[in-house]
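Participant: Before I ask anything, here is the structure I am working with.
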Amino acid sequence: MTGRLSSLLALLLTVPSAALAAPAVATSATVQQILDGKELYIDARQAVVQQKASAPQDISTGQSRGQLAFTSGAVGRLNRHSQLQLGDSCFLLSKGQILVSGAQSGCTRSSRLSVRGTNYLLEVNDNQEAELSVLEGSVEVETLQNGEPTGAAPTRVEAGQKLRLSPQGVILTLLKLSSGDYTGILNGPLFEGFSIPLPAMGALDSYIRANVPGVSIPGMPGIPGIPSAPSVPSFGLPRFF
């Protein structure tokens with residue numbers, strides 16, 4: 001037994017330390033759908049359906065909305081006037097709004113959002129304030145400084161909560177999502193008109209049925225549509241909902 005342990009230790013000492021660490025996986029995404037014209041771009045060039053983008057490329061929208069399929073198996077829906085950059089293990093949203101369904105982590109300039117399969121909405125305004133709405137599941141938010149973790153304990157945002165962050169990643173508010181918030185989102189531009197289902201739509205539907213009385217997802221089989229709600233303005237951004 002001692003000989004075997006010695007041999008194993010000797011083998012480990014010959015393996016480069018980089019090989020022992022979990023490799024960073026570069027994020028890539030394929031365009032699945034473009035709505036409201038053709039103003040979806042990859043590195044400022046007009047993109048088409050089925051076109052693939054890989055880190056560190058930028059994906060942006062003008063007057064159009066788009067759906068992306070990430071290599072993680074998750075899906076992201078970009079609202080109008082949004083911009084993100086693909087990177088190692090997460091995307092960086094620098095402005096606008098994205099709905100994520102599935103296990104895909106996101107980042108802002110001051111925070112990292114770690115997930116294991118969920119439905120969340122991330123929004124960044126012109127002042128680099130961010131708002132995270134967790135529609136189902138949970139998200140851990142870690143503060144970053146110059147792209148690196150600060151060492152502070154992450155904040156766990158549960159389903160039915162929304163977190164607002166300063167440009168420096170300081171928590172400004174942590175509130176409960178109201179039924180009106182859900183209604184506005186589900187009737188808004190990140191659901192309306194899209195024909196390709198979200199991978200975690202079933203989990204979202206189950207959560208809403210159990211926890212948000214009087215609200216349902218429009219277009220789900222056997223589920224009546226919900227009435228439109230007034231637009232809910234976000235902090236300084238054009239009306240997304």
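Letters A, B, ... go to the chains of the structure tokens in the order shown; residues in each chain start at 1; ligands are counted from 1 in the same order.
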Counting only C-alpha atoms, give me one row per residue of segment 76-126 of chain A with an atom at most 9 Å from an atom of segment 28-46 of chain A, showing the shortest contact pair and its distance in Å to one decimal, sorted by chain then residue number, as a tab-separated table.

Facilitator:
```
residue	atom	partner	partner_atom	distance
A:Arg80	CA	A:Glu39	CA	8.9
A:Leu86	CA	A:Ser28	CA	6.5
A:Gly87	CA	A:Ser28	CA	8.0
```

Participant: Distance atom CA of Glu131 of chain A-atom CA of Ile196 of chain A, one decimal place?

Facilitator: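 That distance, rounded to one decimal, is 25.5 Å.
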
Participant: Give me the residues near Ala74 of chain A as a list in words, where near means some atom within 9 Å (using only C-alpha atoms) and where sequence neighbours in that chain fewer than 4 positions away do not count.

Facilitator: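 Listed by chain and then number, they are Leu68, Ala69, Phe70, Val100, Ser101, Gly102, Ala103, Gln104, Gly117, Leu198, Pro199 and Ala200 of chain A.
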
Participant: Hey, can you spit out that residue selection with all heavy atoms as a short mmCIF file (atom, residue, chain, number, x, y, z; two decimals), in the first residue's frame?

Facilitator:
```cif
data_model
loop_
_atom_site.label_atom_id
_atom_site.label_comp_id
_atom_site.auth_asym_id
_atom_site.auth_seq_id
_atom_site.Cartn_x
_atom_site.Cartn_y
_atom_site.Cartn_z
N LEU A 68 -30.83 33.37 -28.16
CA LEU A 68 -29.53 32.72 -28.30
C LEU A 68 -29.54 31.38 -27.59
O LEU A 68 -30.12 31.25 -26.51
CB LEU A 68 -28.42 33.59 -27.69
CG LEU A 68 -28.38 35.07 -28.09
CD1 LEU A 68 -27.34 35.79 -27.24
CD2 LEU A 68 -28.05 35.21 -29.57
N ALA A 69 -28.90 30.39 -28.18
CA ALA A 69 -28.71 29.09 -27.53
C ALA A 69 -27.25 28.98 -27.10
O ALA A 69 -26.35 28.96 -27.94
CB ALA A 69 -29.07 27.96 -28.49
N PHE A 70 -27.01 28.94 -25.79
CA PHE A 70 -25.66 28.84 -25.26
C PHE A 70 -25.19 27.38 -25.29
O PHE A 70 -26.00 26.45 -25.25
CB PHE A 70 -25.59 29.36 -23.83
CG PHE A 70 -25.84 30.84 -23.70
CD1 PHE A 70 -27.05 31.32 -23.22
CD2 PHE A 70 -24.86 31.75 -24.06
CE1 PHE A 70 -27.28 32.68 -23.10
CE2 PHE A 70 -25.08 33.12 -23.95
CZ PHE A 70 -26.30 33.58 -23.47
N VAL A 100 -32.63 34.71 -19.08
CA VAL A 100 -31.85 33.47 -19.18
C VAL A 100 -32.68 32.33 -18.60
O VAL A 100 -33.24 32.44 -17.51
CB VAL A 100 -30.52 33.59 -18.43
CG1 VAL A 100 -29.75 32.26 -18.50
CG2 VAL A 100 -29.67 34.71 -19.02
N SER A 101 -32.74 31.24 -19.35
CA SER A 101 -33.46 30.04 -18.91
C SER A 101 -32.49 28.87 -19.00
O SER A 101 -32.07 28.48 -20.10
CB SER A 101 -34.69 29.81 -19.80
OG SER A 101 -35.39 28.65 -19.41
N GLY A 102 -32.13 28.31 -17.84
CA GLY A 102 -31.17 27.21 -17.82
C GLY A 102 -29.91 27.56 -17.07
O GLY A 102 -29.81 28.62 -16.44
N ALA A 103 -28.95 26.67 -17.13
CA ALA A 103 -27.72 26.83 -16.34
C ALA A 103 -26.68 27.64 -17.10
O ALA A 103 -25.74 27.10 -17.68
CB ALA A 103 -27.15 25.45 -15.98
N GLN A 104 -26.85 28.95 -17.11
CA GLN A 104 -25.89 29.83 -17.74
C GLN A 104 -25.62 31.01 -16.82
O GLN A 104 -26.52 31.79 -16.51
CB GLN A 104 -26.40 30.33 -19.09
CG GLN A 104 -25.47 31.34 -19.76
CD GLN A 104 -24.08 30.78 -20.03
OE1 GLN A 104 -23.96 29.71 -20.63
NE2 GLN A 104 -23.05 31.49 -19.61
N GLY A 117 -29.19 26.16 -13.19
CA GLY A 117 -30.46 25.90 -13.85
C GLY A 117 -31.56 26.72 -13.23
O GLY A 117 -32.00 26.42 -12.12
N LEU A 198 -38.43 27.95 -24.07
CA LEU A 198 -37.31 28.03 -23.14
C LEU A 198 -37.06 26.66 -22.53
O LEU A 198 -38.00 25.94 -22.22
CB LEU A 198 -37.60 29.04 -22.03
CG LEU A 198 -37.83 30.49 -22.46
CD1 LEU A 198 -38.31 31.31 -21.28
CD2 LEU A 198 -36.55 31.08 -23.03
N PRO A 199 -35.80 26.27 -22.33
CA PRO A 199 -35.51 24.93 -21.81
C PRO A 199 -36.03 24.69 -20.40
O PRO A 199 -36.34 23.55 -20.04
CB PRO A 199 -33.98 24.84 -21.87
CG PRO A 199 -33.52 26.26 -21.91
CD PRO A 199 -34.58 27.00 -22.66
N ALA A 200 -36.12 25.74 -19.59
CA ALA A 200 -36.60 25.57 -18.21
C ALA A 200 -38.00 26.15 -18.04
O ALA A 200 -38.38 26.54 -16.94
CB ALA A 200 -35.62 26.23 -17.24
#
```

Participant: Skip Val124 of chain A itself and residues of its chain fewer than 6 positions away, then list as a PyMOL selection string all residues within 10 Å of it, counting only C-alpha atoms.

Facilitator: chain A and resi 82-83+93-98+108-109+130-132+164-165+167+234-237

Participant: Tell me, which residues of segment 19-205 of chain A carry DSSP strand (DSSP E), written as a PyMOL selection string?

Facilitator: chain A and resi 28-35+40-42+45-46+52-54+58-61+65-70+75-78+83-86+90-102+105-108+111-114+118-124+130-136+138-145+148-149+155-158+161-165+171-176

Participant: Which residue is closest to Ala159 of chain A? Choose from A:Ile171, A:Ile217, A:Leu177, A:Cys90 and count only C-alpha atoms.

Facilitator: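 Of all the options, A:Leu177 lies closest to Ala159 of chain A.
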
Participant: Have a look at atom CA of Val157 of chain A and atom CA of Val139 of chain A and let me know their distance in Å, one decimal.

Facilitator: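 About the pair atom CA of Val157 of chain A and atom CA of Val139 of chain A: they are 5.2 Å apart.
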
Participant: Of the candidates A:Glu158, A:Gln51, A:Thr118, A:Asp88, which shows the shortest atom-to-atom distance to Val75 of chain A, using only C-alpha atoms?

Facilitator: A:Thr118

Participant: List the spatial neighbours of Gln168 of chain A as a list in words - criterion: any atom at most 9 Å away, only C-alpha atoms, same-chain residues fewer than 4 positions off excluded.

Facilitator: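 In the requested format, the answer is Arg109, Ser110, Ser111, Gln128, Glu129, Thr143, Leu144 and Gln145 of chain A.
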
Participant: Any idea what's packed within 9 Å of Pro154 of chain A, counting only C-alpha atoms, ignoring anything in its chain fewer than 3 positions away? Could you give it as a PDB file with N, CA, C and O atoms, in the first residue's frame?

Facilitator:
```pdb
ATOM      1  N   GLU A 140     -26.663  32.997  -7.050  1.00  0.00           N
ATOM      2  CA  GLU A 140     -25.694  33.555  -6.116  1.00  0.00           C
ATOM      3  C   GLU A 140     -24.958  34.705  -6.797  1.00  0.00           C
ATOM      4  O   GLU A 140     -24.402  34.534  -7.886  1.00  0.00           O
ATOM      5  N   VAL A 141     -24.967  35.857  -6.149  1.00  0.00           N
ATOM      6  CA  VAL A 141     -24.355  37.065  -6.704  1.00  0.00           C
ATOM      7  C   VAL A 141     -23.068  37.353  -5.957  1.00  0.00           C
ATOM      8  O   VAL A 141     -23.070  37.544  -4.735  1.00  0.00           O
ATOM      9  N   GLU A 142     -21.974  37.389  -6.686  1.00  0.00           N
ATOM     10  CA  GLU A 142     -20.646  37.611  -6.106  1.00  0.00           C
ATOM     11  C   GLU A 142     -20.107  38.949  -6.602  1.00  0.00           C
ATOM     12  O   GLU A 142     -20.135  39.237  -7.803  1.00  0.00           O
ATOM     13  N   THR A 143     -19.637  39.774  -5.690  1.00  0.00           N
ATOM     14  CA  THR A 143     -19.107  41.082  -6.060  1.00  0.00           C
ATOM     15  C   THR A 143     -17.730  40.953  -6.705  1.00  0.00           C
ATOM     16  O   THR A 143     -16.878  40.198  -6.231  1.00  0.00           O
ATOM     17  N   GLY A 151     -13.762  38.598  -2.515  1.00  0.00           N
ATOM     18  CA  GLY A 151     -13.636  37.753  -1.333  1.00  0.00           C
ATOM     19  C   GLY A 151     -14.828  37.855  -0.403  1.00  0.00           C
ATOM     20  O   GLY A 151     -14.935  37.085   0.567  1.00  0.00           O
TER      21      GLY A 151
END
```

Participant: Can you tell me how far atom CA of Ser133 of chain A sits from atom CA of Asn119 of chain A, in Å to one decimal?

Facilitator: 8.8 Å
